[in-house]
$ cat data_33.cif   # mmCIF, C-alpha atoms
data_coords
loop_
_atom_site.group_PDB
_atom_site.id
_atom_site.type_symbol
_atom_site.label_atom_id
_atom_site.label_comp_id
_atom_site.auth_asym_id
_atom_site.auth_seq_id
_atom_site.Cartn_x
_atom_site.Cartn_y
_atom_site.Cartn_z
ATOM 1 C CA MET A 1 -21.341 -15.286 18.120
ATOM 2 C CA GLU A 2 -17.562 -15.026 18.235
ATOM 3 C CA LEU A 3 -17.166 -16.637 14.831
ATOM 4 C CA ALA A 4 -19.585 -14.082 13.355
ATOM 5 C CA LEU A 5 -17.593 -11.275 15.011
ATOM 6 C CA PHE A 6 -14.359 -12.698 13.631
ATOM 7 C CA ILE A 7 -15.749 -13.114 10.097
ATOM 8 C CA ILE A 8 -17.267 -9.621 9.970
ATOM 9 C CA PHE A 9 -14.283 -7.703 11.324
ATOM 10 C CA GLY A 10 -11.634 -9.988 9.827
ATOM 11 C CA GLY A 11 -13.284 -9.603 6.417
ATOM 12 C CA LEU A 12 -13.491 -5.851 6.932
ATOM 13 C CA ALA A 13 -9.780 -5.726 7.797
ATOM 14 C CA VAL A 14 -8.804 -7.770 4.719
ATOM 15 C CA ALA A 15 -11.039 -5.701 2.419
ATOM 16 C CA ALA A 16 -9.605 -2.432 3.769
ATOM 17 C CA ALA A 17 -6.031 -3.765 3.446
ATOM 18 C CA LEU A 18 -6.689 -4.696 -0.195
ATOM 19 C CA ASN A 19 -8.184 -1.238 -0.710
ATOM 20 C CA LEU A 20 -4.942 0.225 0.688
ATOM 21 C CA LEU A 21 -3.015 -1.810 -1.874
ATOM 22 C CA LEU A 22 -5.212 -0.883 -4.842
ATOM 23 C CA GLN A 23 -5.885 2.820 -4.217
ATOM 24 C CA ARG A 24 -3.467 5.152 -6.000
ATOM 25 C CA HIS A 25 -4.088 8.249 -3.890
ATOM 26 C CA PRO A 26 -2.330 8.175 -0.476
ATOM 27 C CA ILE A 27 -5.237 9.792 1.373
ATOM 28 C CA ASN A 28 -7.523 6.885 0.352
ATOM 29 C CA SER A 29 -4.869 4.437 1.537
ATOM 30 C CA ALA A 30 -4.625 6.266 4.873
ATOM 31 C CA LEU A 31 -8.387 6.149 5.425
ATOM 32 C CA SER A 32 -8.551 2.417 4.641
ATOM 33 C CA LEU A 33 -5.651 1.855 7.069
ATOM 34 C CA VAL A 34 -7.801 3.497 9.763
ATOM 35 C CA VAL A 35 -10.533 0.920 8.996
ATOM 36 C CA VAL A 36 -7.967 -1.908 9.325
ATOM 37 C CA MET A 37 -6.812 -0.605 12.713
ATOM 38 C CA MET A 38 -10.373 -0.164 14.037
ATOM 39 C CA SER A 39 -11.341 -3.728 13.058
ATOM 40 C CA LEU A 40 -8.128 -5.057 14.608
ATOM 41 C CA ALA A 41 -9.111 -3.269 17.842
ATOM 42 C CA VAL A 42 -12.384 -5.246 17.863
ATOM 43 C CA LEU A 43 -10.435 -8.485 17.310
ATOM 44 C CA TYR A 44 -8.066 -7.629 20.189
ATOM 45 C CA TRP A 45 -11.091 -7.127 22.416
ATOM 46 C CA SER A 46 -12.505 -10.494 21.341
ATOM 47 C CA LEU A 47 -9.154 -12.104 22.270
ATOM 48 C CA GLY A 48 -9.393 -10.677 25.799
ATOM 49 C CA ALA A 49 -6.970 -7.770 25.343
ATOM 50 C CA GLU A 50 -9.171 -4.836 26.358
ATOM 51 C CA PHE A 51 -6.263 -2.527 27.167
ATOM 52 C CA LEU A 52 -4.686 -3.088 23.762
ATOM 53 C CA ALA A 53 -8.018 -2.528 22.003
ATOM 54 C CA ALA A 54 -8.277 0.891 23.656
ATOM 55 C CA ALA A 55 -4.592 1.654 23.013
ATOM 56 C CA GLN A 56 -4.993 0.635 19.364
ATOM 57 C CA VAL A 57 -7.827 3.117 18.866
ATOM 58 C CA ILE A 58 -6.091 5.929 20.792
ATOM 59 C CA VAL A 59 -2.472 5.492 19.656
ATOM 60 C CA TYR A 60 -2.771 4.055 16.155
ATOM 61 C CA SER A 61 -6.003 5.446 14.706
ATOM 62 C CA GLY A 62 -5.974 8.523 16.911
ATOM 63 C CA ALA A 63 -2.375 9.708 16.891
ATOM 64 C CA ILE A 64 -0.351 7.982 14.177
ATOM 65 C CA MET A 65 -2.957 8.113 11.408
ATOM 66 C CA VAL A 66 -3.783 11.765 12.157
ATOM 67 C CA LEU A 67 -0.057 12.461 11.706
ATOM 68 C CA PHE A 68 -0.098 10.585 8.389
ATOM 69 C CA VAL A 69 -3.161 12.421 7.071
ATOM 70 C CA PHE A 70 -1.670 15.731 8.229
ATOM 71 C CA VAL A 71 1.596 15.082 6.342
ATOM 72 C CA ILE A 72 -0.248 13.915 3.193
ATOM 73 C CA MET A 73 -2.299 17.111 3.177
ATOM 74 C CA LEU A 74 0.702 19.300 4.090
ATOM 75 C CA LEU A 75 2.761 17.958 1.176
ATOM 76 C CA ASN A 76 -0.280 18.056 -1.122
ATOM 77 C CA ALA A 77 0.597 14.576 -2.415
ATOM 78 C CA GLY A 78 -1.194 13.655 -5.638
ATOM 79 C CA GLU A 79 -1.789 10.274 -7.230
ATOM 80 C CA GLU A 80 1.321 8.198 -7.739
ATOM 81 C CA GLU A 81 2.396 7.956 -11.366
ATOM 82 C CA ARG A 82 3.286 4.693 -13.090
ATOM 83 C CA THR A 83 6.969 4.329 -14.013
ATOM 84 C CA THR A 84 9.199 1.539 -15.311
ATOM 85 C CA GLY A 85 10.174 0.766 -11.736
ATOM 86 C CA SER A 86 6.559 -0.014 -10.883
ATOM 87 C CA ARG A 87 6.349 -2.715 -13.578
ATOM 88 C CA ALA A 88 9.402 -4.487 -12.140
ATOM 89 C CA ALA A 89 7.845 -4.159 -8.692
ATOM 90 C CA TYR A 90 4.626 -5.795 -9.953
ATOM 91 C CA ILE A 91 6.595 -8.744 -11.347
ATOM 92 C CA ALA A 92 8.555 -9.268 -8.132
ATOM 93 C CA GLY A 93 6.025 -8.059 -5.580
ATOM 94 C CA PHE A 94 2.908 -10.160 -6.079
ATOM 95 C CA PRO A 95 4.617 -13.624 -6.267
ATOM 96 C CA GLY A 96 6.804 -12.752 -3.287
ATOM 97 C CA ALA A 97 3.861 -11.692 -1.138
ATOM 98 C CA ALA A 98 1.846 -14.753 -2.257
ATOM 99 C CA ALA A 99 4.767 -17.041 -1.329
ATOM 100 C CA ILE A 100 4.987 -15.485 2.155
ATOM 101 C CA PHE A 101 1.228 -15.905 2.622
ATOM 102 C CA CYS A 102 1.258 -19.571 1.465
ATOM 103 C CA LEU A 103 4.194 -20.419 3.751
ATOM 104 C CA LEU A 104 2.684 -18.773 6.847
ATOM 105 C CA SER A 105 -0.859 -20.073 6.372
ATOM 106 C CA SER A 106 0.257 -23.645 5.643
ATOM 107 C CA VAL A 107 2.302 -23.658 8.873
ATOM 108 C CA PHE A 108 -0.563 -22.202 10.933
ATOM 109 C CA LEU A 109 -3.252 -24.482 9.478
ATOM 110 C CA SER A 110 -1.149 -27.646 9.817
ATOM 111 C CA GLU A 111 -0.608 -26.807 13.518
ATOM 112 C CA SER A 112 -4.261 -25.810 13.931
ATOM 113 C CA LYS A 113 -5.091 -28.586 16.433
ATOM 114 C CA ALA A 114 -2.090 -27.837 18.659
ATOM 115 C CA LEU A 115 -2.974 -24.146 18.779
ATOM 116 C CA GLY A 116 -6.484 -24.648 20.228
ATOM 117 C CA THR A 117 -9.442 -22.278 20.174
ATOM 118 C CA ALA A 118 -10.203 -18.816 21.530
ATOM 119 C CA ASN A 119 -13.118 -17.957 23.831
ATOM 120 C CA LEU A 120 -14.768 -14.567 23.579
ATOM 121 C CA GLY A 121 -13.131 -12.153 26.029
ATOM 122 C CA GLY A 122 -11.143 -14.964 27.652
ATOM 123 C CA HIS A 123 -9.132 -13.857 30.678
ATOM 124 C CA LEU A 124 -5.470 -14.589 31.147
ATOM 125 C CA GLY A 125 -4.541 -16.945 33.956
ATOM 126 C CA GLY A 126 -7.855 -16.522 35.795
ATOM 127 C CA THR A 127 -7.152 -12.986 37.057
ATOM 128 C CA VAL A 128 -9.742 -10.307 37.705
ATOM 129 C CA SER A 129 -8.796 -7.824 35.021
ATOM 130 C CA ASN A 130 -6.574 -7.739 31.985
ATOM 131 C CA ILE A 131 -5.426 -4.186 32.729
ATOM 132 C CA ALA A 132 -4.514 -5.069 36.319
ATOM 133 C CA GLU A 133 -2.319 -7.937 35.189
ATOM 134 C CA ILE A 134 -0.613 -5.908 32.436
ATOM 135 C CA SER A 135 0.097 -2.995 34.771
ATOM 136 C CA HIS A 136 1.397 -5.349 37.470
ATOM 137 C CA VAL A 137 3.972 -6.878 35.105
ATOM 138 C CA LEU A 138 4.761 -3.514 33.491
ATOM 139 C CA PHE A 139 5.485 -1.737 36.792
ATOM 140 C CA THR A 140 7.414 -4.542 38.512
ATOM 141 C CA THR A 141 9.504 -6.796 36.285
ATOM 142 C CA LEU A 142 9.485 -4.576 33.187
ATOM 143 C CA LEU A 143 9.843 -1.203 34.915
ATOM 144 C CA LEU A 144 13.197 -0.345 33.297
ATOM 145 C CA PRO A 145 12.034 -1.011 29.681
ATOM 146 C CA PHE A 146 8.859 0.970 30.415
ATOM 147 C CA GLU A 147 10.891 3.966 31.604
ATOM 148 C CA VAL A 148 13.273 3.642 28.660
ATOM 149 C CA THR A 149 10.305 4.035 26.266
ATOM 150 C CA SER A 150 9.771 7.552 27.655
ATOM 151 C CA VAL A 151 13.371 8.410 26.723
ATOM 152 C CA LEU A 152 12.736 6.908 23.265
ATOM 153 C CA ILE A 153 9.663 9.088 22.753
ATOM 154 C CA LEU A 154 11.590 12.180 23.894
ATOM 155 C CA VAL A 155 14.441 11.426 21.471
ATOM 156 C CA ALA A 156 11.909 10.858 18.662
ATOM 157 C CA ILE A 157 10.233 14.221 19.348
ATOM 158 C CA LEU A 158 13.597 16.036 19.346
ATOM 159 C CA GLY A 159 14.667 14.196 16.181
ATOM 160 C CA ALA A 160 11.422 15.105 14.403
ATOM 161 C CA VAL A 161 11.820 18.765 15.355
ATOM 162 C CA VAL A 162 15.441 18.861 14.166
ATOM 163 C CA LEU A 163 14.657 17.052 10.884
ATOM 164 C CA ALA A 164 11.575 19.082 9.974
ATOM 165 C CA ARG A 165 13.170 22.443 10.880
ATOM 166 C CA LYS A 166 13.915 24.782 7.985
ATOM 167 C CA GLU A 167 17.609 25.242 7.207
ATOM 168 C CA GLN A 168 18.898 28.710 8.017
ATOM 169 C CA MET B 1 -15.220 -20.574 19.575
ATOM 170 C CA VAL B 2 -12.770 -19.615 16.861
ATOM 171 C CA PRO B 3 -9.554 -21.609 16.308
ATOM 172 C CA ILE B 4 -6.456 -19.533 17.080
ATOM 173 C CA ALA B 5 -5.117 -20.594 13.667
ATOM 174 C CA TYR B 6 -7.814 -18.451 11.985
ATOM 175 C CA TYR B 7 -6.527 -15.343 13.756
ATOM 176 C CA LEU B 8 -2.971 -16.268 12.709
ATOM 177 C CA VAL B 9 -4.043 -16.803 9.077
ATOM 178 C CA LEU B 10 -5.797 -13.401 9.139
ATOM 179 C CA ALA B 11 -2.540 -11.882 10.406
ATOM 180 C CA ALA B 12 -0.670 -13.709 7.596
ATOM 181 C CA ILE B 13 -3.074 -12.223 5.009
ATOM 182 C CA LEU B 14 -2.605 -8.705 6.389
ATOM 183 C CA PHE B 15 1.176 -9.156 6.537
ATOM 184 C CA SER B 16 1.408 -10.356 2.913
ATOM 185 C CA VAL B 17 -0.819 -7.506 1.721
ATOM 186 C CA GLY B 18 1.557 -5.191 3.581
ATOM 187 C CA VAL B 19 4.578 -6.791 1.884
ATOM 188 C CA ALA B 20 2.923 -6.474 -1.552
ATOM 189 C CA ALA B 21 2.032 -2.823 -0.900
ATOM 190 C CA PHE B 22 5.575 -2.153 0.325
ATOM 191 C CA LEU B 23 7.044 -3.538 -2.901
ATOM 192 C CA ILE B 24 4.489 -2.136 -5.356
ATOM 193 C CA LYS B 25 3.661 1.339 -4.065
ATOM 194 C CA ARG B 26 5.751 4.158 -5.542
ATOM 195 C CA ASN B 27 4.624 6.898 -3.195
ATOM 196 C CA ILE B 28 6.937 7.122 -0.174
ATOM 197 C CA ILE B 29 4.040 7.831 2.230
ATOM 198 C CA SER B 30 2.134 4.755 0.975
ATOM 199 C CA VAL B 31 5.282 2.648 1.474
ATOM 200 C CA PHE B 32 5.494 3.976 5.027
ATOM 201 C CA MET B 33 1.825 3.134 5.659
ATOM 202 C CA SER B 34 2.355 -0.450 4.463
ATOM 203 C CA ILE B 35 5.062 -0.809 7.146
ATOM 204 C CA GLU B 36 2.421 0.175 9.707
ATOM 205 C CA LEU B 37 0.106 -2.486 8.263
ATOM 206 C CA MET B 38 2.809 -5.150 8.696
ATOM 207 C CA LEU B 39 3.404 -4.036 12.305
ATOM 208 C CA ASN B 40 -0.341 -4.380 12.968
ATOM 209 C CA ALA B 41 -0.394 -7.901 11.508
ATOM 210 C CA VAL B 42 2.477 -8.938 13.788
ATOM 211 C CA ASN B 43 0.655 -7.389 16.768
ATOM 212 C CA LEU B 44 -2.361 -9.594 16.010
ATOM 213 C CA THR B 45 -0.195 -12.738 16.163
ATOM 214 C CA PHE B 46 1.256 -11.568 19.498
ATOM 215 C CA VAL B 47 -2.227 -11.092 20.975
ATOM 216 C CA ALA B 48 -3.418 -14.452 19.604
ATOM 217 C CA PHE B 49 -0.443 -16.298 21.104
ATOM 218 C CA ALA B 50 -0.872 -14.443 24.422
ATOM 219 C CA HIS B 51 -4.492 -15.672 24.460
ATOM 220 C CA MET B 52 -3.370 -19.203 23.588
ATOM 221 C CA TRP B 53 -0.763 -19.491 26.382
ATOM 222 C CA HIS B 54 -2.791 -17.475 28.959
ATOM 223 C CA GLN B 55 0.243 -15.236 29.402
ATOM 224 C CA VAL B 56 0.367 -11.459 29.524
ATOM 225 C CA GLN B 57 3.846 -11.088 28.010
ATOM 226 C CA GLY B 58 2.601 -11.112 24.431
ATOM 227 C CA GLN B 59 0.244 -8.209 25.130
ATOM 228 C CA ILE B 60 3.044 -6.236 26.794
ATOM 229 C CA PHE B 61 5.210 -6.780 23.737
ATOM 230 C CA VAL B 62 2.408 -5.327 21.595
ATOM 231 C CA PHE B 63 2.431 -2.282 23.882
ATOM 232 C CA PHE B 64 6.158 -1.792 23.218
ATOM 233 C CA VAL B 65 5.629 -2.275 19.467
ATOM 234 C CA MET B 66 2.999 0.493 19.573
ATOM 235 C CA VAL B 67 5.401 2.849 21.395
ATOM 236 C CA VAL B 68 8.189 2.178 18.893
ATOM 237 C CA ALA B 69 5.747 2.582 15.974
ATOM 238 C CA ALA B 70 4.658 5.982 17.304
ATOM 239 C CA ALA B 71 8.281 7.134 17.606
ATOM 240 C CA GLU B 72 9.062 5.716 14.160
ATOM 241 C CA ALA B 73 6.081 7.507 12.588
ATOM 242 C CA ALA B 74 7.169 10.853 14.042
ATOM 243 C CA VAL B 75 10.781 10.546 12.843
ATOM 244 C CA GLY B 76 9.874 8.949 9.491
ATOM 245 C CA LEU B 77 7.335 11.622 8.577
ATOM 246 C CA ALA B 78 9.866 14.332 9.514
ATOM 247 C CA ILE B 79 12.368 12.656 7.151
ATOM 248 C CA ILE B 80 9.696 12.551 4.420
ATOM 249 C CA ILE B 81 9.029 16.281 4.885
ATOM 250 C CA ALA B 82 12.795 17.004 4.693
ATOM 251 C CA ILE B 83 13.105 14.888 1.498
ATOM 252 C CA PHE B 84 10.135 16.621 -0.090
ATOM 253 C CA ARG B 85 11.616 20.020 0.737
ATOM 254 C CA THR B 86 14.901 19.254 -1.062
ATOM 255 C CA ARG B 87 13.669 17.057 -3.960
ATOM 256 C CA GLN B 88 10.104 18.308 -4.570
ATOM 257 C CA THR B 89 8.958 14.707 -5.152
ATOM 258 C CA LEU B 90 7.537 11.759 -3.206
ATOM 259 C CA ASN B 91 8.294 9.097 -5.826
ATOM 260 C CA VAL B 92 10.740 6.484 -4.528
ATOM 261 C CA ASP B 93 12.157 5.952 -8.047
ATOM 262 C CA GLN B 94 13.460 9.517 -8.077
ATOM 263 C CA ILE B 95 14.956 9.338 -4.587
ATOM 264 C CA ASN B 96 17.943 7.101 -5.329
ATOM 265 C CA LEU B 97 20.820 9.166 -3.969
ATOM 266 C CA MET B 98 21.663 10.135 -0.409
ATOM 267 C CA LYS B 99 23.453 13.233 -1.707
ATOM 268 C CA LEU B 100 21.406 16.051 -3.160
#

$ encode --input "data_33.cif" --output "structure tokens"
Amino acid sequence: MELALFIIFGGLAVAAALNLLLQRHPINSALSLVVVMMSLAVLYWSLGAEFLAAAQVIVYSGAIMVLFVFVIMLLNAGEEERTTGSRAAYIAGFPGAAAIFCLLSSVFLSESKALGTANLGGHLGGTVSNIAEISHVLFTTLLLPFEVTSVLILVAILGAVVLARKEQ
Amino acid sequence: MVPIAYYLVLAAILFSVGVAAFLIKRNIISVFMSIELMLNAVNLTFVAFAHMWHQVQGQIFVFFVMVVAAAEAAVGLAIIIAIFRTRQTLNVDQINLMKL
């Protein structure tokens, strides 16, 4: 059951990521990135992170990708054109990315036995709810970093307003 | 039962596709989206390791990554709009000077 879930949504995520890489129009890339984020939300849920699955759908596919699609349509971005720089990027880009993938996957697969297996919706440390445990840690030991994130968001909003404002 | 290593290899695939898209794409918005893809791949490894150790800290770190990614998207897209307003282009090859 869980393996089928992993294969379906993992395959969907990989296919959508490759579609992001191959599409030339940014709006197609943005829509395939939404598919990647939705399938990752299902995988988070299967790893027992219900709160993050909901936050992934709301924050990433709901807020961030809407912002991306809005900016793409506002700037009326067309297809990207091929230049000499893109040929150099092809020569350097694909072997570099393949080397990173080979390195990471060989490390993970050689340590496969030590890493163990995942149960569907497994709970952390035998507690009642995932959200209860996250909120307990977030509002006790990590209260200061949590409050600092609100300042970060405020600064980001002010920075975006200042940057996008028209010069007088 | 799925081995945790499969989740980590899936994250490695997504991360390398993100790296390839970051290097190959010429449109500045597509480059920005590939950064988001890499952040998502790293988030998947955090969740997988949190599941493996039965600890909540990995999931909380993903929460902070999401907050920083939201702030980064807002500021980055504002910068892209400002660049487009002065240069009338989104091609990274033509944006090679800080000065106008």

$ residues_around --input "data_33.cif" --residues "region 25-35 of chain B" --least-positions-apart "6" --cutoff "6 Å" --atoms "only C-alpha atoms" --output "JSON list (two decimals) with C-alpha atoms, keeping the file's coordinate frame"
[["chain", "number", "residue", "atom", "x", "y", "z"],
["A", 26, "PRO", "CA", -2.33, 8.18, -0.48],
["A", 80, "GLU", "CA", 1.32, 8.20, -7.74],
["B", 18, "GLY", "CA", 1.56, -5.19, 3.58],
["B", 90, "LEU", "CA", 7.54, 11.76, -3.21],
["B", 91, "ASN", "CA", 8.29, 9.10, -5.83],
["B", 92, "VAL", "CA", 10.74, 6.48, -4.53]]

$ resolve_selection --input "data_33.cif" --expression "the PyMOL selection byres ((chain B) within 8 of (chain A))" --output "count of residues only"
60

$ atom_distance --input "data_33.cif" --atom1 "CA of Asn76 (chain A)" --atom2 "CA of Leu12 (chain A)"
28.5 Å

$ atom_distance --input "data_33.cif" --atom1 "CA of Ile83 (chain B)" --atom2 "CA of Val151 (chain A)"
26.0 Å

$ atom_distance --input "data_33.cif" --atom1 "CA of Thr45 (chain B)" --atom2 "CA of Tyr7 (chain B)"
7.3 Å
